[in-house]
>>> print(open('entry_25.pdb').read())   # PDB, C-alpha atoms and all ligand atoms
ATOM      1  CA  MET M   1      85.965  99.617 120.476  1.00  0.00           C
ATOM      2  CA  LYS M   2      87.455  96.175 119.987  1.00  0.00           C
ATOM      3  CA  ALA M   3      88.400  96.453 116.291  1.00  0.00           C
ATOM      4  CA  ARG M   4      92.108  96.359 116.234  1.00  0.00           C
ATOM      5  CA  ARG M   5      92.620  99.030 113.591  1.00  0.00           C
ATOM      6  CA  ILE M   6      90.460 101.474 111.681  1.00  0.00           C
ATOM      7  CA  VAL M   7      91.615 102.753 108.305  1.00  0.00           C
ATOM      8  CA  ALA M   8      89.766 105.728 106.761  1.00  0.00           C
ATOM      9  CA  LEU M   9      89.844 106.476 103.034  1.00  0.00           C
ATOM     10  CA  LEU M  10      89.441 110.202 102.705  1.00  0.00           C
ATOM     11  CA  SER M  11      89.582 112.937 100.072  1.00  0.00           C
ATOM     12  CA  GLN M  12      88.282 116.394  99.346  1.00  0.00           C
ATOM     13  CA  LYS M  13      86.586 115.316  96.123  1.00  0.00           C
ATOM     14  CA  GLY M  14      85.004 112.366  94.387  1.00  0.00           C
ATOM     15  CA  GLY M  15      86.565 110.233  91.710  1.00  0.00           C
ATOM     16  CA  VAL M  16      90.006 109.777  93.269  1.00  0.00           C
ATOM     17  CA  GLY M  17      89.426 106.112  94.084  1.00  0.00           C
ATOM     18  CA  LYS M  18      88.352 105.922  97.732  1.00  0.00           C
ATOM     19  CA  THR M  19      85.746 103.252  97.050  1.00  0.00           C
ATOM     20  CA  THR M  20      87.924 101.382  94.562  1.00  0.00           C
ATOM     21  CA  VAL M  21      90.827 101.265  97.016  1.00  0.00           C
ATOM     22  CA  THR M  22      88.524 100.294  99.908  1.00  0.00           C
ATOM     23  CA  MET M  23      87.131  97.319  98.021  1.00  0.00           C
ATOM     24  CA  GLN M  24      90.433  96.050  96.589  1.00  0.00           C
ATOM     25  CA  LEU M  25      92.115  96.469  99.948  1.00  0.00           C
ATOM     26  CA  ALA M  26      89.302  94.576 101.687  1.00  0.00           C
ATOM     27  CA  ALA M  27      89.645  91.695  99.224  1.00  0.00           C
ATOM     28  CA  GLY M  28      93.429  91.608  99.535  1.00  0.00           C
ATOM     29  CA  LEU M  29      93.424  91.727 103.327  1.00  0.00           C
ATOM     30  CA  THR M  30      90.765  89.022 103.510  1.00  0.00           C
ATOM     31  CA  GLY M  31      92.920  86.877 101.241  1.00  0.00           C
ATOM     32  CA  ARG M  32      95.694  87.117 103.809  1.00  0.00           C
ATOM     33  CA  GLY M  33      93.412  85.898 106.557  1.00  0.00           C
ATOM     34  CA  TYR M  34      92.452  89.210 108.186  1.00  0.00           C
ATOM     35  CA  ARG M  35      88.853  89.697 109.254  1.00  0.00           C
ATOM     36  CA  VAL M  36      87.778  92.873 107.487  1.00  0.00           C
ATOM     37  CA  ALA M  37      84.593  94.951 107.652  1.00  0.00           C
ATOM     38  CA  ILE M  38      83.726  97.952 105.497  1.00  0.00           C
ATOM     39  CA  GLY M  39      81.885 100.983 106.838  1.00  0.00           C
ATOM     40  CA  ASP M  40      80.187 102.834 103.993  1.00  0.00           C
ATOM     41  CA  LEU M  41      79.963 106.464 105.149  1.00  0.00           C
ATOM     42  CA  ASP M  42      79.128 107.935 101.749  1.00  0.00           C
ATOM     43  CA  PRO M  43      75.425 108.792 101.274  1.00  0.00           C
ATOM     44  CA  GLN M  44      75.897 107.734  97.639  1.00  0.00           C
ATOM     45  CA  GLU M  45      76.498 104.212  98.972  1.00  0.00           C
ATOM     46  CA  SER M  46      78.980 103.187  96.295  1.00  0.00           C
ATOM     47  CA  ALA M  47      80.667 100.546  98.461  1.00  0.00           C
ATOM     48  CA  SER M  48      77.307  99.003  99.408  1.00  0.00           C
ATOM     49  CA  ARG M  49      76.183  98.966  95.779  1.00  0.00           C
ATOM     50  CA  TRP M  50      79.497  97.474  94.736  1.00  0.00           C
ATOM     51  CA  ALA M  51      79.102  94.536  97.135  1.00  0.00           C
ATOM     52  CA  ALA M  52      75.420  94.196  96.223  1.00  0.00           C
ATOM     53  CA  SER M  53      76.397  93.706  92.562  1.00  0.00           C
ATOM     54  CA  ALA M  54      78.138  90.442  93.407  1.00  0.00           C
ATOM     55  CA  ASP M  55      76.607  87.209  92.232  1.00  0.00           C
ATOM     56  CA  PRO M  56      75.165  85.465  95.315  1.00  0.00           C
ATOM     57  CA  SER M  57      77.247  82.398  94.448  1.00  0.00           C
ATOM     58  CA  SER M  58      80.423  84.439  95.061  1.00  0.00           C
ATOM     59  CA  PRO M  59      79.586  87.225  97.527  1.00  0.00           C
ATOM     60  CA  PHE M  60      81.981  90.081  98.179  1.00  0.00           C
ATOM     61  CA  PRO M  61      84.528  88.732 100.713  1.00  0.00           C
ATOM     62  CA  ALA M  62      83.897  91.374 103.417  1.00  0.00           C
ATOM     63  CA  PRO M  63      80.628  92.689 104.927  1.00  0.00           C
ATOM     64  CA  VAL M  64      79.659  96.274 104.065  1.00  0.00           C
ATOM     65  CA  GLY M  65      77.530  98.306 106.462  1.00  0.00           C
ATOM     66  CA  SER M  66      76.014 101.730 105.818  1.00  0.00           C
ATOM     67  CA  LEU M  67      76.923 103.980 108.718  1.00  0.00           C
ATOM     68  CA  ARG M  68      75.267 107.328 109.389  1.00  0.00           C
ATOM     69  CA  GLY M  69      75.303 110.116 111.953  1.00  0.00           C
ATOM     70  CA  GLY M  70      77.983 111.685 114.115  1.00  0.00           C
ATOM     71  CA  GLN M  71      81.057 110.109 115.620  1.00  0.00           C
ATOM     72  CA  GLU M  72      79.178 108.488 118.515  1.00  0.00           C
ATOM     73  CA  ASP M  73      76.449 107.139 116.219  1.00  0.00           C
ATOM     74  CA  ILE M  74      79.019 105.669 113.888  1.00  0.00           C
ATOM     75  CA  ALA M  75      81.032 104.103 116.710  1.00  0.00           C
ATOM     76  CA  ARG M  76      77.785 102.643 118.113  1.00  0.00           C
ATOM     77  CA  SER M  77      76.742 101.285 114.705  1.00  0.00           C
ATOM     78  CA  LEU M  78      80.141  99.652 114.303  1.00  0.00           C
ATOM     79  CA  ARG M  79      79.652  97.854 117.620  1.00  0.00           C
ATOM     80  CA  ARG M  80      76.061  96.919 116.878  1.00  0.00           C
ATOM     81  CA  ALA M  81      76.863  95.529 113.458  1.00  0.00           C
ATOM     82  CA  GLY M  82      79.444  93.273 115.058  1.00  0.00           C
ATOM     83  CA  MET M  83      82.063  95.035 112.997  1.00  0.00           C
ATOM     84  CA  ALA M  84      84.140  95.824 116.023  1.00  0.00           C
ATOM     85  CA  SER M  85      85.315  92.231 116.154  1.00  0.00           C
ATOM     86  CA  ALA M  86      87.062  92.632 112.785  1.00  0.00           C
ATOM     87  CA  ASP M  87      90.835  92.913 112.688  1.00  0.00           C
ATOM     88  CA  LEU M  88      90.493  95.877 110.365  1.00  0.00           C
ATOM     89  CA  ILE M  89      87.632  98.227 109.574  1.00  0.00           C
ATOM     90  CA  LEU M  90      87.853 100.247 106.369  1.00  0.00           C
ATOM     91  CA  LEU M  91      85.816 103.459 106.343  1.00  0.00           C
ATOM     92  CA  ASP M  92      84.886 104.698 102.864  1.00  0.00           C
ATOM     93  CA  CYS M  93      84.205 108.425 103.283  1.00  0.00           C
ATOM     94  CA  PRO M  94      81.972 110.865 101.373  1.00  0.00           C
ATOM     95  CA  PRO M  95      83.749 113.052  98.797  1.00  0.00           C
ATOM     96  CA  SER M  96      84.186 116.077 101.062  1.00  0.00           C
ATOM     97  CA  ILE M  97      86.370 116.983 104.009  1.00  0.00           C
ATOM     98  CA  GLU M  98      83.579 119.172 105.409  1.00  0.00           C
ATOM     99  CA  HIS M  99      81.095 116.319 105.643  1.00  0.00           C
ATOM    100  CA  GLY M 100      80.328 115.216 109.216  1.00  0.00           C
ATOM    101  CA  HIS M 101      80.927 111.569 108.320  1.00  0.00           C
ATOM    102  CA  THR M 102      84.425 112.368 107.079  1.00  0.00           C
ATOM    103  CA  LEU M 103      85.233 114.236 110.270  1.00  0.00           C
ATOM    104  CA  ALA M 104      83.825 111.383 112.361  1.00  0.00           C
ATOM    105  CA  ALA M 105      85.893 108.833 110.423  1.00  0.00           C
ATOM    106  CA  LEU M 106      89.004 110.914 110.957  1.00  0.00           C
ATOM    107  CA  GLU M 107      88.426 110.913 114.729  1.00  0.00           C
ATOM    108  CA  LEU M 108      87.846 107.149 114.831  1.00  0.00           C
ATOM    109  CA  ALA M 109      90.728 106.209 112.523  1.00  0.00           C
ATOM    110  CA  ASP M 110      94.161 104.855 113.395  1.00  0.00           C
ATOM    111  CA  VAL M 111      95.320 105.294 109.802  1.00  0.00           C
ATOM    112  CA  VAL M 112      94.121 107.696 107.115  1.00  0.00           C
ATOM    113  CA  LEU M 113      94.824 107.071 103.441  1.00  0.00           C
ATOM    114  CA  LEU M 114      94.391 109.887 100.947  1.00  0.00           C
ATOM    115  CA  PRO M 115      94.102 108.505  97.414  1.00  0.00           C
ATOM    116  CA  VAL M 116      95.316 111.085  94.925  1.00  0.00           C
ATOM    117  CA  VAL M 117      95.181 111.102  91.138  1.00  0.00           C
ATOM    118  CA  PRO M 118      98.463 112.578  89.954  1.00  0.00           C
ATOM    119  CA  SER M 119      97.102 115.622  88.136  1.00  0.00           C
ATOM    120  CA  PRO M 120      97.754 119.285  88.998  1.00  0.00           C
ATOM    121  CA  THR M 121      94.159 120.048  89.998  1.00  0.00           C
ATOM    122  CA  ASP M 122      94.045 117.047  92.307  1.00  0.00           C
ATOM    123  CA  LEU M 123      97.125 118.336  94.109  1.00  0.00           C
ATOM    124  CA  TRP M 124      95.226 121.397  95.312  1.00  0.00           C
ATOM    125  CA  SER M 125      92.382 119.428  96.798  1.00  0.00           C
ATOM    126  CA  THR M 126      94.853 116.961  98.308  1.00  0.00           C
ATOM    127  CA  ARG M 127      96.600 119.868 100.061  1.00  0.00           C
ATOM    128  CA  ALA M 128      93.326 120.808 101.736  1.00  0.00           C
ATOM    129  CA  ALA M 129      92.645 117.236 102.852  1.00  0.00           C
ATOM    130  CA  GLU M 130      96.222 116.892 104.053  1.00  0.00           C
ATOM    131  CA  ARG M 131      95.929 120.047 106.176  1.00  0.00           C
ATOM    132  CA  LEU M 132      92.939 118.551 107.941  1.00  0.00           C
ATOM    133  CA  VAL M 133      94.779 115.275 108.617  1.00  0.00           C
ATOM    134  CA  VAL M 134      97.927 117.045 109.822  1.00  0.00           C
ATOM    135  CA  ALA M 135      95.868 119.244 112.159  1.00  0.00           C
ATOM    136  CA  THR M 136      94.218 116.130 113.569  1.00  0.00           C
ATOM    137  CA  MET M 137      97.614 114.478 114.042  1.00  0.00           C
ATOM    138  CA  ALA M 138      98.717 117.459 116.133  1.00  0.00           C
ATOM    139  CA  ARG M 139      95.941 116.540 118.587  1.00  0.00           C
ATOM    140  CA  ARG M 140      96.257 112.779 118.173  1.00  0.00           C
ATOM    141  CA  PRO M 141      99.917 111.936 117.528  1.00  0.00           C
ATOM    142  CA  ALA M 142      99.177 108.203 117.195  1.00  0.00           C
ATOM    143  CA  LEU M 143      97.202 108.851 113.993  1.00  0.00           C
ATOM    144  CA  ARG M 144      99.121 107.826 110.892  1.00  0.00           C
ATOM    145  CA  GLY M 145      98.455 109.241 107.443  1.00  0.00           C
ATOM    146  CA  ALA M 146      99.737 108.603 103.930  1.00  0.00           C
ATOM    147  CA  LEU M 147      99.114 109.667 100.350  1.00  0.00           C
ATOM    148  CA  LEU M 148      98.260 106.909  97.878  1.00  0.00           C
ATOM    149  CA  PRO M 149      98.803 107.671  94.184  1.00  0.00           C
ATOM    150  CA  ASN M 150      95.953 106.141  92.171  1.00  0.00           C
ATOM    151  CA  ARG M 151      95.138 106.021  88.440  1.00  0.00           C
ATOM    152  CA  MET M 152      98.830 106.544  87.819  1.00  0.00           C
ATOM    153  CA  GLN M 153      99.796 106.855  84.169  1.00  0.00           C
ATOM    154  CA  ARG M 154     103.231 106.689  82.675  1.00  0.00           C
ATOM    155  CA  THR M 155     103.321 110.281  81.489  1.00  0.00           C
ATOM    156  CA  ALA M 156     105.865 112.982  82.215  1.00  0.00           C
ATOM    157  CA  LEU M 157     103.142 115.064  83.842  1.00  0.00           C
ATOM    158  CA  ALA M 158     102.124 112.275  86.244  1.00  0.00           C
ATOM    159  CA  GLY M 159     105.793 111.804  87.123  1.00  0.00           C
ATOM    160  CA  ASP M 160     106.184 115.509  87.834  1.00  0.00           C
ATOM    161  CA  VAL M 161     103.092 115.545  90.011  1.00  0.00           C
ATOM    162  CA  LEU M 162     104.398 112.549  91.944  1.00  0.00           C
ATOM    163  CA  GLU M 163     107.587 114.495  92.622  1.00  0.00           C
ATOM    164  CA  VAL M 164     105.539 117.389  94.010  1.00  0.00           C
ATOM    165  CA  LEU M 165     103.566 114.932  96.163  1.00  0.00           C
ATOM    166  CA  ARG M 166     106.799 113.786  97.763  1.00  0.00           C
ATOM    167  CA  GLU M 167     107.227 117.304  99.154  1.00  0.00           C
ATOM    168  CA  PHE M 168     103.908 117.138 101.011  1.00  0.00           C
ATOM    169  CA  THR M 169     103.925 116.737 104.780  1.00  0.00           C
ATOM    170  CA  LEU M 170     102.407 113.242 104.756  1.00  0.00           C
ATOM    171  CA  PRO M 171     104.512 110.420 103.297  1.00  0.00           C
ATOM    172  CA  VAL M 172     103.668 108.908  99.924  1.00  0.00           C
ATOM    173  CA  LEU M 173     102.784 105.262 100.470  1.00  0.00           C
ATOM    174  CA  ASP M 174     105.212 102.762  98.978  1.00  0.00           C
ATOM    175  CA  ALA M 175     102.416 101.444  96.732  1.00  0.00           C
ATOM    176  CA  VAL M 176     100.824 102.883  93.623  1.00  0.00           C
ATOM    177  CA  LEU M 177      97.741 101.820  91.675  1.00  0.00           C
ATOM    178  CA  ALA M 178      98.004 102.424  87.944  1.00  0.00           C
ATOM    179  CA  GLN M 179      95.139 103.362  85.661  1.00  0.00           C
ATOM    180  CA  ARG M 180      93.776  99.914  84.744  1.00  0.00           C
ATOM    181  CA  ASN M 181      90.533  98.544  83.373  1.00  0.00           C
ATOM    182  CA  ALA M 182      90.617  95.748  85.936  1.00  0.00           C
ATOM    183  CA  TYR M 183      89.851  98.204  88.744  1.00  0.00           C
ATOM    184  CA  ALA M 184      86.794  99.610  87.031  1.00  0.00           C
ATOM    185  CA  GLN M 185      85.687  96.186  85.847  1.00  0.00           C
ATOM    186  CA  SER M 186      85.685  94.647  89.303  1.00  0.00           C
ATOM    187  CA  ALA M 187      83.068  97.204  90.353  1.00  0.00           C
ATOM    188  CA  VAL M 188      80.766  95.842  87.648  1.00  0.00           C
ATOM    189  CA  THR M 189      81.164  92.254  88.817  1.00  0.00           C
ATOM    190  CA  GLY M 190      80.873  93.226  92.484  1.00  0.00           C
ATOM    191  CA  GLY M 191      84.209  91.629  93.256  1.00  0.00           C
ATOM    192  CA  SER M 192      87.846  92.581  93.093  1.00  0.00           C
ATOM    193  CA  VAL M 193      90.848  92.141  90.851  1.00  0.00           C
ATOM    194  CA  TYR M 194      91.399  88.774  92.589  1.00  0.00           C
ATOM    195  CA  GLY M 195      88.422  87.372  90.707  1.00  0.00           C
ATOM    196  CA  LEU M 196      89.397  88.555  87.238  1.00  0.00           C
ATOM    197  CA  GLY M 197      91.861  85.900  86.140  1.00  0.00           C
ATOM    198  CA  ARG M 198      95.141  86.329  84.364  1.00  0.00           C
ATOM    199  CA  ALA M 199      94.262  89.613  82.675  1.00  0.00           C
ATOM    200  CA  ALA M 200      94.272  91.305  86.080  1.00  0.00           C
ATOM    201  CA  GLU M 201      97.600  89.947  87.240  1.00  0.00           C
ATOM    202  CA  ALA M 202      99.403  93.315  87.191  1.00  0.00           C
ATOM    203  CA  ALA M 203      96.547  94.883  89.160  1.00  0.00           C
ATOM    204  CA  ARG M 204      96.698  92.068  91.719  1.00  0.00           C
ATOM    205  CA  GLU M 205     100.398  92.649  92.199  1.00  0.00           C
ATOM    206  CA  GLU M 206      99.711  96.327  92.871  1.00  0.00           C
ATOM    207  CA  VAL M 207      96.981  95.488  95.366  1.00  0.00           C
ATOM    208  CA  GLU M 208      99.252  92.972  97.127  1.00  0.00           C
ATOM    209  CA  ARG M 209     101.849  95.692  97.544  1.00  0.00           C
ATOM    210  CA  LEU M 210      99.172  98.044  98.845  1.00  0.00           C
ATOM    211  CA  VAL M 211      97.996  95.414 101.331  1.00  0.00           C
ATOM    212  CA  SER M 212     101.562  94.977 102.633  1.00  0.00           C
ATOM    213  CA  ALA M 213     101.984  98.743 102.987  1.00  0.00           C
ATOM    214  CA  VAL M 214      98.702  99.059 104.899  1.00  0.00           C
ATOM    215  CA  VAL M 215      99.532  96.112 107.164  1.00  0.00           C
ATOM    216  CA  ASP M 216     102.845  97.828 107.990  1.00  0.00           C
ATOM    217  CA  LEU M 217     101.180 101.179 108.576  1.00  0.00           C
ATOM    218  CA  THR M 218      98.493  99.788 110.868  1.00  0.00           C
ATOM    219  CA  GLY M 219     100.849  97.428 112.653  1.00  0.00           C
ATOM    220  CA  VAL M 220      98.025  94.886 112.784  1.00  0.00           C
ATOM    221  CA  LYS M 221      99.348  91.372 113.174  1.00  0.00           C
ATOM    222  CA  LYS M 222      97.413  88.170 112.829  1.00  0.00           C
TER
HETATM  223  N1  LIG M 301      93.259 102.751  89.321  1.00  0.00           N
HETATM  224  C1  LIG M 301      92.153 102.905  88.583  1.00  0.00           C
HETATM  225  N2  LIG M 301      92.141 102.559  87.269  1.00  0.00           N
HETATM  226  C2  LIG M 301      91.030 102.743  86.517  1.00  0.00           C
HETATM  227  N3  LIG M 301      89.883 103.269  86.955  1.00  0.00           N
HETATM  228  C3  LIG M 301      89.828 103.643  88.256  1.00  0.00           C
HETATM  229  C4  LIG M 301      90.945 103.486  89.128  1.00  0.00           C
HETATM  230  N4  LIG M 301      90.592 103.959  90.358  1.00  0.00           N
HETATM  231  C5  LIG M 301      89.317 104.385  90.246  1.00  0.00           C
HETATM  232  N5  LIG M 301      88.843 104.196  88.979  1.00  0.00           N
HETATM  233  C6  LIG M 301      87.525 104.574  88.463  1.00  0.00           C
HETATM  234  O1  LIG M 301      87.337 105.949  88.747  1.00  0.00           O
HETATM  235  C7  LIG M 301      85.995 106.201  89.148  1.00  0.00           C
HETATM  236  C8  LIG M 301      85.989 106.820  90.539  1.00  0.00           C
HETATM  237  O2  LIG M 301      86.520 105.873  91.479  1.00  0.00           O
HETATM  238  P1  LIG M 301      85.870 105.725  92.927  1.00  0.00           P
HETATM  239  O3  LIG M 301      86.605 104.618  93.597  1.00  0.00           O
HETATM  240  O4  LIG M 301      84.396 105.622  92.831  1.00  0.00           O
HETATM  241  O5  LIG M 301      86.282 107.125  93.561  1.00  0.00           O
HETATM  242  P2  LIG M 301      85.728 107.842  94.868  1.00  0.00           P
HETATM  243  O6  LIG M 301      85.201 106.791  95.779  1.00  0.00           O
HETATM  244  O7  LIG M 301      86.910 108.573  95.427  1.00  0.00           O
HETATM  245  O8  LIG M 301      84.674 108.799  94.409  1.00  0.00           O
HETATM  246  C9  LIG M 301      85.280 104.876  89.065  1.00  0.00           C
HETATM  247  O9  LIG M 301      84.622 104.808  87.836  1.00  0.00           O
HETATM  248  C10 LIG M 301      86.393 103.845  89.149  1.00  0.00           C
HETATM  249  O10 LIG M 301      86.065 102.650  88.476  1.00  0.00           O
HETATM  250 MG    MG M 302      83.342 106.602  96.656  1.00  0.00          MG
END
>>> encode(input="entry_25.pdb", output="C-alpha cells")
Amino acid sequence: MKARRIVALLSQKGGVGKTTVTMQLAAGLTGRGYRVAIGDLDPQESASRWAASADPSSPFPAPVGSLRGGQEDIARSLRRAGMASADLILLDCPPSIEHGHTLAALELADVVLLPVVPSPTDLWSTRAAERLVVATMARRPALRGALLPNRMQRTALAGDVLEVLREFTLPVLDAVLAQRNAYAQSAVTGGSVYGLGRAAEAAREEVERLVSAVVDLTGVKK
C-alpha cells in the first residue's frame, strides 16, 4: 500500500472520542499541507455522517470512505478509493476491540492512538485495549502506540487518573484534549474547531499540539 502512514483510533468502548479526534486531527493535518483520508470502519458511520453534515460551500477538508470487511477487503478498498495516495490515512474504529474491523485496522496501522477519558471506569477498558495493542507490538515491533487523554477536566480525580495512566505500558501522548463545547459543536457543523472562530482558540491550540505529536509519532514528513 502506498499510503505513507496509517493511524488507527481504537478503544474498547464508545464515547471516548475516537471520531472526534479523527476529524480534528484530519483538519489539523490538512491545514499543515498533508494529504489525509479517513477510513470509517464503524458501522454506525459517525465519521461519514459528520462530514456529510458540512455545508456544501465548505466541505469537510478530507475525504471519508466507509470501509467494510476483513483486513484484505479493507486494504483493497483503501487502494480502490484512491486513499492509498494520501500521506496519512486515519482509521476510525468501531467501539469494540473484538470487532473484526478493529482487528483489521490494528494489523494495517503504523500508529495506534487510544483516546481515554480520565475516569476510573475508562481505565479498565483502556487496559484491555492496551493489552491487545501491546500483544500486536510483540509480533510487529514497528507498530507504535500511545494513549491520548480526551475530555480532560481540571479535577483532582482526573489528575489522579492521569497519574495512573502514566504507569501503563504505552506512553501517554504529549497532547491532551480538554472537555470543550467546541469539539462537540464542530460535529454539528460538519467541520472542525478550525472553522469556529475565536471562541475555539484554546481547542485549536490543543489540536495543533496533537497534530505535532502525531506527526512525530508517524515520522511522516512532507
Ligand atoms: N474533548 C471533548 N470535549 C467535549 N465533548 C467531547 C470531547 N470529545 C468527545 N466529545 C463528545 O463525546 C461524544 C462521544 O465522542 P465520539 O468522538 O463520538 O466518541 P467515539 O467515536 O469514541 O464513540 C460526542 O458527543 C462528542 O461530541
Ligand atoms: Mg465513533
>>> resolve_selection(input="entry_25.pdb", expression="the PyMOL selection byres (((chain M and resi 201-205) around 12) and not hetatm)", output="MDAnalysis selection string")
chainID M and resid 21 24:25 27:28 31 150:152 175:186 192:200 206:212
>>> closest_residue(input="entry_25.pdb", among="M:Ala75, M:Ala81, M:Ala213, M:Leu114", to="ligand LIG 301 (chain M)", atoms="all atoms listed in the file")
M:Leu114
>>> residues_near_ligand(input="entry_25.pdb", ligand="ligand MG 302 (chain M)", cutoff="7 Å", atoms="only C-alpha atoms and all ligand atoms", output="list in words")
Gly14, Gly15, Gly17, Lys18, Thr19, Asp42, Ser46, Ala47, Asp92, Cys93, Pro94 and Pro95 of chain M
>>> resolve_selection(input="entry_25.pdb", expression="the PyMOL selection byres (((chain M and resi 10) around 12) and not hetatm)", output="MDAnalysis selection string")
chainID M and resid 7:9 11:19 21:22 40:42 90:99 101:106 109 111:116 125:126 128:130 132:133 145:148
>>> residues_around(input="entry_25.pdb", residues="Pro61 of chain M", least_positions_apart="3", cutoff="12 Å", atoms="only C-alpha atoms", output="PyMOL selection string")
chain M and resi 23-38+50-52+54-58+64+190-192+194-195
>>> closest_residue(input="entry_25.pdb", among="M:Val188, M:Val172, M:Val164, M:Ala138", to="ligand LIG 301 (chain M)", atoms="only C-alpha atoms and all ligand atoms")
M:Val188
>>> closest_residue(input="entry_25.pdb", among="M:Val117, M:Val161, M:Leu170, M:Ala86", to="ligand LIG 301 (chain M)", atoms="all atoms listed in the file")
M:Val117
>>> atom_distance(input="entry_25.pdb", atom1="atom O3 of ligand LIG 301 (chain M)", atom2="atom CA of Arg4 of chain M")
24.7 Å
>>> atom_distance(input="entry_25.pdb", atom1="atom C8 of ligand LIG 301 (chain M)", atom2="atom CA of Asp73 of chain M")
27.4 Å
>>> axis_aligned_box(input="entry_25.pdb", around="ligand LIG 301 (chain M)", padding_each_side="4 Å", output="JSON")
{"center_x": 88.8, "center_y": 105.7, "center_z": 91.1, "size_x": 16.9, "size_y": 14.2, "size_z": 17.3}
>>> atom_distance(input="entry_25.pdb", atom1="atom CA of Val220 of chain M", atom2="atom CA of Asp87 of chain M")
7.5 Å
>>> closest_residue(input="entry_25.pdb", among="M:Pro43, M:Asp110, M:Leu217, M:Thr155", to="ligand LIG 301 (chain M)", atoms="only C-alpha atoms and all ligand atoms")
M:Pro43
>>> closest_residue(input="entry_25.pdb", among="M:Ala158, M:Leu88, M:Ala187, M:Leu143", to="ligand LIG 301 (chain M)", atoms="all atoms listed in the file")
M:Ala187
>>> closest_residue(input="entry_25.pdb", among="M:Leu173, M:Pro118, M:Ile6, M:Trp124", to="ligand LIG 301 (chain M)", atoms="only C-alpha atoms and all ligand atoms")
M:Pro118
